[in-house]
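> I'd like to ask you about the structure that follows.
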Amino acid sequence: MGDEVVTDGLWTRLEPLIPMRERRFRYPGRHRSDDRAALEGILYVVRTGIGWNQLPTGLFGVSGATCWRRLSEWSEAGVWQQLHEGVLNELRAAGRLELSRVLVDASHVRALKRGDHVGPSPVDRGRPGSKHHLITDAAGTPLAVTLTGGNRNDVTQLIPLVDALPVIRSRRGRPWRRPAYLYADRGYDHDKYRRLLRARGITPVIARRSTGHGSGLGKLRWPVERGFAWLHAFKRLRTRYERRAEIHQALLSLACSVICLRKLILN
C-alpha cells in the first residue's frame, strides 16, 4: 500500500515536468505508450533489479525498451533532477529537513559493463567499478548524488559534490544554498579541501588520519550510511548494469526522489 501511495504522489509531481511532444499530422506513427505506465515500469525495474528485457509487458502495458527510452528521454530533459529538487522543496516547507549540517560519503558498486565513469576498483581486486558519492542532511535525506569511476579518490569529488547541492526553497525565508558545517570521515582529510570549503563559507568537520578511533564523529555522521542503505535498497543500484552514465545517474535521481517522497508522505 505504501508503494502505491508513493507512486501516485510521484506521478502527480512528475507529470507537469514531462515536456510536451509535438504531434505529427502527416505521419503520426503508432500511438505513444502511456507515460504513467512507463513510470511504473521504470520503478519496477529499479526496485527489483531485473533487466529491461525481463519487464512483464502484460503487467504494465509497456515494454522494457519503451521504459528505457522514456527514462533516457526524460533524463535529457532534466526531469529527474527537477523532480528531486521539487520534493526537497516540499520537505523543507514541511520542516522535515535538517540543513544546519551535511554529511558526505562514497560507496563502491561493481560495473558489469564498460562505459563512462567506470574504472578499476581498488576494493574489488581491480575489477571495473563505479562510485556513488552522496551528500545528505543531518538525518540522512539525500540532497545530491554523483557518479564517478571506481578508481577516483573520494576527496577529489568533495567540491563537485558540494557544488551539486540544489538551491532548496520554502514558502518563507531565503532559499537554502549552503550548509554551515560539513562532516566527513578520514577519506576526506586534506587541508587543501578544508580551505576550499571555508572559502565557500562552510566549516569542515573532517576526521584526521593520524587520530585514533573513538573521536565521537561517527555519532554525528552515521545517517549518511543509512542514506546509502536506503539508496541501495533499490536493487538496480547495487550493481551498475548501464553502460551510459547518464542512465545510471537518472536512476540515482529517481531513487532519491522516492526516498524523499516516502519521508514526506508516509512519515
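Going through the C-alpha cells in order, the chains are called A, B, and so on, while each chain numbers its residues from 1 and the ligands are numbered from 1 in the order shown.
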Taking 5 positions as the minimum chain separation for residues in the same chain, which residues sit within 8 Å of range 57-68 of chain A when counting only C-alpha atoms? Answer as a JSON list (two decimals) with all heavy atoms, in the first residue's frame.

[["chain", "number", "residue", "atom", "x", "y", "z"],
["A", 33, "SER", "N", 2.91, 5.19, -26.03],
["A", 33, "SER", "CA", 2.57, 4.47, -24.80],
["A", 33, "SER", "C", 2.33, 5.45, -23.66],
["A", 33, "SER", "O", 2.88, 6.56, -23.63],
["A", 33, "SER", "CB", 3.70, 3.50, -24.43],
["A", 33, "SER", "OG", 3.90, 2.54, -25.43],
["A", 34, "ASP", "N", 1.52, 5.03, -22.72],
["A", 34, "ASP", "CA", 1.13, 5.89, -21.61],
["A", 34, "ASP", "C", 2.33, 6.21, -20.71],
["A", 34, "ASP", "O", 3.09, 5.32, -20.32],
["A", 34, "ASP", "CB", 0.04, 5.19, -20.79],
["A", 34, "ASP", "CG", -0.45, 6.06, -19.64],
["A", 34, "ASP", "OD1", -0.95, 7.16, -19.90],
["A", 34, "ASP", "OD2", -0.31, 5.61, -18.48],
["A", 37, "ALA", "N", 2.21, 4.52, -17.22],
["A", 37, "ALA", "CA", 2.59, 3.11, -17.27],
["A", 37, "ALA", "C", 4.11, 2.97, -17.41],
["A", 37, "ALA", "O", 4.71, 2.07, -16.81],
["A", 37, "ALA", "CB", 1.89, 2.42, -18.45],
["A", 38, "ALA", "N", 4.73, 3.86, -18.18],
["A", 38, "ALA", "CA", 6.19, 3.84, -18.33],
["A", 38, "ALA", "C", 6.87, 4.12, -16.99],
["A", 38, "ALA", "O", 7.86, 3.48, -16.65],
["A", 38, "ALA", "CB", 6.63, 4.85, -19.38],
["A", 39, "LEU", "N", 6.34, 5.07, -16.22],
["A", 39, "LEU", "CA", 6.91, 5.37, -14.91],
["A", 39, "LEU", "C", 6.82, 4.16, -13.99],
["A", 39, "LEU", "O", 7.79, 3.82, -13.29],
["A", 39, "LEU", "CB", 6.18, 6.56, -14.27],
["A", 39, "LEU", "CG", 6.54, 6.84, -12.81],
["A", 39, "LEU", "CD1", 8.01, 7.25, -12.68],
["A", 39, "LEU", "CD2", 5.62, 7.92, -12.22],
["A", 40, "GLU", "N", 5.68, 3.49, -13.98],
["A", 40, "GLU", "CA", 5.52, 2.32, -13.12],
["A", 40, "GLU", "C", 6.47, 1.20, -13.55],
["A", 40, "GLU", "O", 7.01, 0.48, -12.70],
["A", 40, "GLU", "CB", 4.06, 1.86, -13.16],
["A", 40, "GLU", "CG", 3.10, 2.85, -12.51],
["A", 40, "GLU", "CD", 1.66, 2.39, -12.56],
["A", 40, "GLU", "OE1", 1.42, 1.34, -13.20],
["A", 40, "GLU", "OE2", 0.79, 3.05, -11.97],
["A", 41, "GLY", "N", 6.69, 1.05, -14.86],
["A", 41, "GLY", "CA", 7.64, 0.05, -15.33],
["A", 41, "GLY", "C", 9.07, 0.39, -14.91],
["A", 41, "GLY", "O", 9.83, -0.50, -14.50],
["A", 42, "ILE", "N", 9.44, 1.66, -14.99],
["A", 42, "ILE", "CA", 10.78, 2.09, -14.57],
["A", 42, "ILE", "C", 10.97, 1.83, -13.08],
["A", 42, "ILE", "O", 12.00, 1.31, -12.65],
["A", 42, "ILE", "CB", 10.98, 3.58, -14.89],
["A", 42, "ILE", "CG1", 11.02, 3.80, -16.41],
["A", 42, "ILE", "CG2", 12.26, 4.10, -14.26],
["A", 42, "ILE", "CD1", 10.94, 5.26, -16.82],
["A", 52, "TRP", "N", 15.89, -4.83, -18.34],
["A", 52, "TRP", "CA", 14.80, -4.15, -19.04],
["A", 52, "TRP", "C", 14.02, -5.12, -19.93],
["A", 52, "TRP", "O", 12.80, -5.00, -20.07],
["A", 52, "TRP", "CB", 15.36, -2.99, -19.88],
["A", 52, "TRP", "CG", 15.97, -1.90, -19.06],
["A", 52, "TRP", "CD1", 17.29, -1.67, -18.83],
["A", 52, "TRP", "CD2", 15.26, -0.89, -18.34],
["A", 52, "TRP", "NE1", 17.45, -0.57, -18.01],
["A", 52, "TRP", "CE2", 16.22, -0.08, -17.70],
["A", 52, "TRP", "CE3", 13.92, -0.58, -18.17],
["A", 52, "TRP", "CZ2", 15.88, 1.01, -16.90],
["A", 52, "TRP", "CZ3", 13.56, 0.50, -17.39],
["A", 52, "TRP", "CH2", 14.53, 1.29, -16.75]]
> Fewer than 5 positions away in the same chain doesn't count, so skip those; otherwise give me all residues within 9 Å of Val145 in chain A, counting only C-alpha atoms, as a PyMOL selection string.
chain A and resi 132-136+161+164-165+249+252-253+256
> Print the selection's residues with C-alpha atoms to a file, as a PDB file, in the first residue's frame.

ATOM      1  CA  HIS A 132      28.288   6.737  -5.715  1.00  0.00           C
ATOM      2  CA  HIS A 133      29.154   9.992  -3.944  1.00  0.00           C
ATOM      3  CA  LEU A 134      26.332  11.017  -1.609  1.00  0.00           C
ATOM      4  CA  ILE A 135      25.645  14.173   0.384  1.00  0.00           C
ATOM      5  CA  THR A 136      22.745  14.182   2.845  1.00  0.00           C
ATOM      6  CA  LEU A 161      29.554  17.167  -4.703  1.00  0.00           C
ATOM      7  CA  ALA A 164      25.920  19.819  -6.924  1.00  0.00           C
ATOM      8  CA  LEU A 165      23.781  20.812  -3.917  1.00  0.00           C
ATOM      9  CA  GLN A 249      22.544   8.870 -12.890  1.00  0.00           C
ATOM     10  CA  LEU A 252      20.013   7.525  -8.838  1.00  0.00           C
ATOM     11  CA  SER A 253      17.989  10.749  -9.026  1.00  0.00           C
ATOM     12  CA  CYS A 256      16.498   9.876  -4.260  1.00  0.00           C
TER      13      CYS A 256
END
> For Asp189 in chain A, work out the shell of residues within 12 Å, counting only C-alpha atoms and skipping chain neighbours fewer than 3 positions away, then give it as a PyMOL selection string.
chain A and resi 153-156+158+183-186+192-195+204-211
> Please provide the set of residues having any atom within 9 Å of Leu266 in chain A, restricted to only C-alpha atoms, with same-chain residues fewer than 4 positions apart removed, written as number ranges by chain.
A: 2, 5-6, 261-262
> Leaving out Ser257 in chain A and any residue of its chain fewer than 3 positions from it, which residues lie within 12 Å of it when counting only C-alpha atoms, given as a PyMOL selection string?
chain A and resi 6-7+9-11+13-14+43+79-91+141-145+230-231+250-254+260-265
> Mind listing the strand (DSSP E) residues of range 188-253 of chain A, per DSSP on the backbone, as a VMD selection string?
chain A and resid 203 to 206 239 to 240
> Can those selected residues be exported to a file as a JSON list (two decimals), in the first residue's frame so that it contains N, CA, C and O atoms?

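Below you can see part_11.json, which holds the result:
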[["chain", "number", "residue", "atom", "x", "y", "z"],
["A", 203, "THR", "N", 32.10, 25.27, 7.29],
["A", 203, "THR", "CA", 33.09, 24.82, 8.27],
["A", 203, "THR", "C", 33.25, 23.31, 8.15],
["A", 203, "THR", "O", 32.31, 22.56, 8.38],
["A", 204, "PRO", "N", 34.45, 22.82, 7.77],
["A", 204, "PRO", "CA", 34.66, 21.37, 7.65],
["A", 204, "PRO", "C", 34.89, 20.73, 9.01],
["A", 204, "PRO", "O", 35.65, 21.23, 9.83],
["A", 205, "VAL", "N", 34.22, 19.61, 9.25],
["A", 205, "VAL", "CA", 34.46, 18.79, 10.43],
["A", 205, "VAL", "C", 34.84, 17.41, 9.90],
["A", 205, "VAL", "O", 34.01, 16.54, 9.68],
["A", 206, "ILE", "N", 36.14, 17.23, 9.67],
["A", 206, "ILE", "CA", 36.66, 16.04, 9.00],
["A", 206, "ILE", "C", 37.69, 15.37, 9.90],
["A", 206, "ILE", "O", 38.58, 16.03, 10.44],
["A", 239, "THR", "N", 24.42, -2.86, -8.25],
["A", 239, "THR", "CA", 25.39, -3.16, -9.28],
["A", 239, "THR", "C", 25.06, -2.30, -10.49],
["A", 239, "THR", "O", 23.89, -2.11, -10.82],
["A", 240, "ARG", "N", 26.09, -1.76, -11.13],
["A", 240, "ARG", "CA", 25.84, -0.91, -12.29],
["A", 240, "ARG", "C", 25.79, -1.77, -13.55],
["A", 240, "ARG", "O", 26.77, -2.39, -13.94]]
> From the set A:His108, A:Ile159, A:Val123, A:Leu103, which residue has the shortest atom-to-atom contact distance to Gly218 in chain A, counting only C-alpha atoms?
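Of A:His108, A:Ile159, A:Val123, A:Leu103, the one nearest Gly218 in chain A is A:Leu103, counting only C-alpha atoms.
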> From a DSSP calculation on the backbone, collect every residue of range 162-222 of chain A in helix (DSSP H, G or I) and output the set as a ChimeraX atom specification.
/A:162-163,186-188,191-199,218-221
> Restricting the calculation to only C-alpha atoms: of A:Pro179, A:Pro19, A:Gly95, A:Gly126, which residue gets closest to Gly149 in chain A?
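Checking each of A:Pro179, A:Pro19, A:Gly95, A:Gly126 against Gly149 in chain A, counting only C-alpha atoms, the winner is A:Gly126.
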> Got a sec: who's within 12 Å of Leu112 in chain A, counting only C-alpha atoms, leaving out chain neighbours fewer than 3 positions off, as a list in words?
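Everything that qualifies: Val109, Gly115, Val118, Gly119, Pro120, Arg127, Pro128, Gly129, Ser130, Arg238, Thr239, Arg240, Tyr241, Glu242 and Arg243 of chain A.
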> Mind dumping the selected residues with all heavy atoms as a short mmCIF file (atom, residue, chain, number, x, y, z; two decimals), in the first residue's frame?

data_model
loop_
_atom_site.label_atom_id
_atom_site.label_comp_id
_atom_site.auth_asym_id
_atom_site.auth_seq_id
_atom_site.Cartn_x
_atom_site.Cartn_y
_atom_site.Cartn_z
N VAL A 109 30.37 0.38 -6.25
CA VAL A 109 29.47 -0.60 -6.85
C VAL A 109 30.19 -1.23 -8.04
O VAL A 109 30.96 -0.57 -8.73
CB VAL A 109 28.14 0.03 -7.32
CG1 VAL A 109 27.31 0.50 -6.14
CG2 VAL A 109 28.37 1.17 -8.30
N GLY A 115 32.01 1.59 -19.87
CA GLY A 115 31.27 2.80 -20.18
C GLY A 115 31.87 4.00 -19.48
O GLY A 115 32.99 3.94 -18.95
N VAL A 118 33.64 4.52 -15.33
CA VAL A 118 33.98 3.17 -14.88
C VAL A 118 35.50 3.09 -14.78
O VAL A 118 36.21 3.57 -15.66
CB VAL A 118 33.45 2.10 -15.85
CG1 VAL A 118 33.92 0.71 -15.42
CG2 VAL A 118 31.93 2.12 -15.89
N GLY A 119 36.01 2.50 -13.70
CA GLY A 119 37.45 2.37 -13.52
C GLY A 119 37.78 1.19 -12.65
O GLY A 119 36.89 0.62 -11.99
N PRO A 120 39.04 0.79 -12.62
CA PRO A 120 39.43 -0.35 -11.78
C PRO A 120 39.24 -0.05 -10.30
O PRO A 120 39.78 0.91 -9.77
CB PRO A 120 40.91 -0.56 -12.12
CG PRO A 120 41.36 0.76 -12.65
CD PRO A 120 40.18 1.36 -13.33
N ARG A 127 38.66 -4.93 -10.42
CA ARG A 127 37.56 -5.16 -11.36
C ARG A 127 36.89 -3.82 -11.71
O ARG A 127 36.93 -2.88 -10.93
CB ARG A 127 36.52 -6.11 -10.74
CG ARG A 127 37.03 -7.52 -10.51
CD ARG A 127 35.87 -8.40 -10.07
NE ARG A 127 36.26 -9.79 -9.85
CZ ARG A 127 36.60 -10.29 -8.66
NH1 ARG A 127 36.58 -9.50 -7.57
NH2 ARG A 127 36.95 -11.54 -8.53
N PRO A 128 36.24 -3.74 -12.87
CA PRO A 128 35.57 -2.49 -13.25
C PRO A 128 34.51 -2.11 -12.23
O PRO A 128 33.71 -2.95 -11.80
CB PRO A 128 34.95 -2.80 -14.61
CG PRO A 128 35.75 -3.95 -15.13
CD PRO A 128 36.15 -4.77 -13.93
N GLY A 129 34.50 -0.87 -11.83
CA GLY A 129 33.54 -0.42 -10.84
C GLY A 129 33.28 1.06 -10.96
O GLY A 129 33.96 1.79 -11.69
N SER A 130 32.28 1.52 -10.23
CA SER A 130 31.94 2.94 -10.15
C SER A 130 31.75 3.31 -8.69
O SER A 130 31.72 2.44 -7.81
CB SER A 130 30.65 3.23 -10.94
OG SER A 130 30.83 2.99 -12.32
N ARG A 238 22.54 -1.50 -6.80
CA ARG A 238 23.60 -2.21 -6.07
C ARG A 238 24.74 -2.61 -7.00
O ARG A 238 25.89 -2.72 -6.58
CB ARG A 238 23.03 -3.47 -5.41
CG ARG A 238 22.00 -3.19 -4.34
CD ARG A 238 21.48 -4.50 -3.78
NE ARG A 238 20.34 -4.28 -2.90
CZ ARG A 238 19.63 -5.26 -2.36
NH1 ARG A 238 19.95 -6.53 -2.62
NH2 ARG A 238 18.60 -4.99 -1.57
N THR A 239 24.42 -2.86 -8.25
CA THR A 239 25.39 -3.16 -9.28
C THR A 239 25.06 -2.30 -10.49
O THR A 239 23.89 -2.11 -10.82
CB THR A 239 25.33 -4.65 -9.68
OG1 THR A 239 25.56 -5.46 -8.52
CG2 THR A 239 26.38 -4.98 -10.74
N ARG A 240 26.09 -1.76 -11.13
CA ARG A 240 25.84 -0.91 -12.29
C ARG A 240 25.79 -1.77 -13.55
O ARG A 240 26.77 -2.39 -13.94
CB ARG A 240 26.91 0.16 -12.43
CG ARG A 240 26.69 1.05 -13.64
CD ARG A 240 27.72 2.14 -13.78
NE ARG A 240 27.64 2.75 -15.09
CZ ARG A 240 28.47 3.66 -15.55
NH1 ARG A 240 29.48 4.08 -14.80
NH2 ARG A 240 28.33 4.15 -16.76
N TYR A 241 24.61 -1.80 -14.19
CA TYR A 241 24.43 -2.54 -15.43
C TYR A 241 24.46 -1.62 -16.64
O TYR A 241 24.71 -2.07 -17.75
CB TYR A 241 23.08 -3.27 -15.40
CG TYR A 241 22.95 -4.31 -14.31
CD1 TYR A 241 22.37 -4.00 -13.09
CD2 TYR A 241 23.42 -5.60 -14.50
CE1 TYR A 241 22.25 -4.94 -12.09
CE2 TYR A 241 23.31 -6.56 -13.50
CZ TYR A 241 22.72 -6.22 -12.30
OH TYR A 241 22.60 -7.17 -11.30
N GLU A 242 24.15 -0.34 -16.45
CA GLU A 242 24.02 0.60 -17.56
C GLU A 242 25.39 1.02 -18.09
O GLU A 242 26.25 1.44 -17.32
CB GLU A 242 23.23 1.84 -17.13
CG GLU A 242 21.76 1.61 -16.91
CD GLU A 242 21.48 0.82 -15.65
OE1 GLU A 242 22.26 0.95 -14.70
OE2 GLU A 242 20.50 0.07 -15.63
N ARG A 243 25.56 0.94 -19.39
CA ARG A 243 26.80 1.39 -20.00
C ARG A 243 26.89 2.92 -19.99
O ARG A 243 27.96 3.49 -19.77
CB ARG A 243 26.91 0.87 -21.44
CG ARG A 243 28.27 1.06 -22.08
CD ARG A 243 28.23 0.55 -23.51
NE ARG A 243 27.88 -0.84 -23.59
CZ ARG A 243 28.75 -1.84 -23.51
NH1 ARG A 243 30.03 -1.58 -23.34
NH2 ARG A 243 28.34 -3.09 -23.60
#
> From the list A:His232, A:Met20, A:Val46, A:Asp137, which residue is nearest Glu73 in chain A when using only C-alpha atoms?
A:Met20
> From the list A:Ala93, A:Leu197, A:Ile247, A:Leu147, which residue is nearest Arg70 in chain A when using only C-alpha atoms?
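Selected residue with least distance to Arg70 in chain A: A:Ile247.
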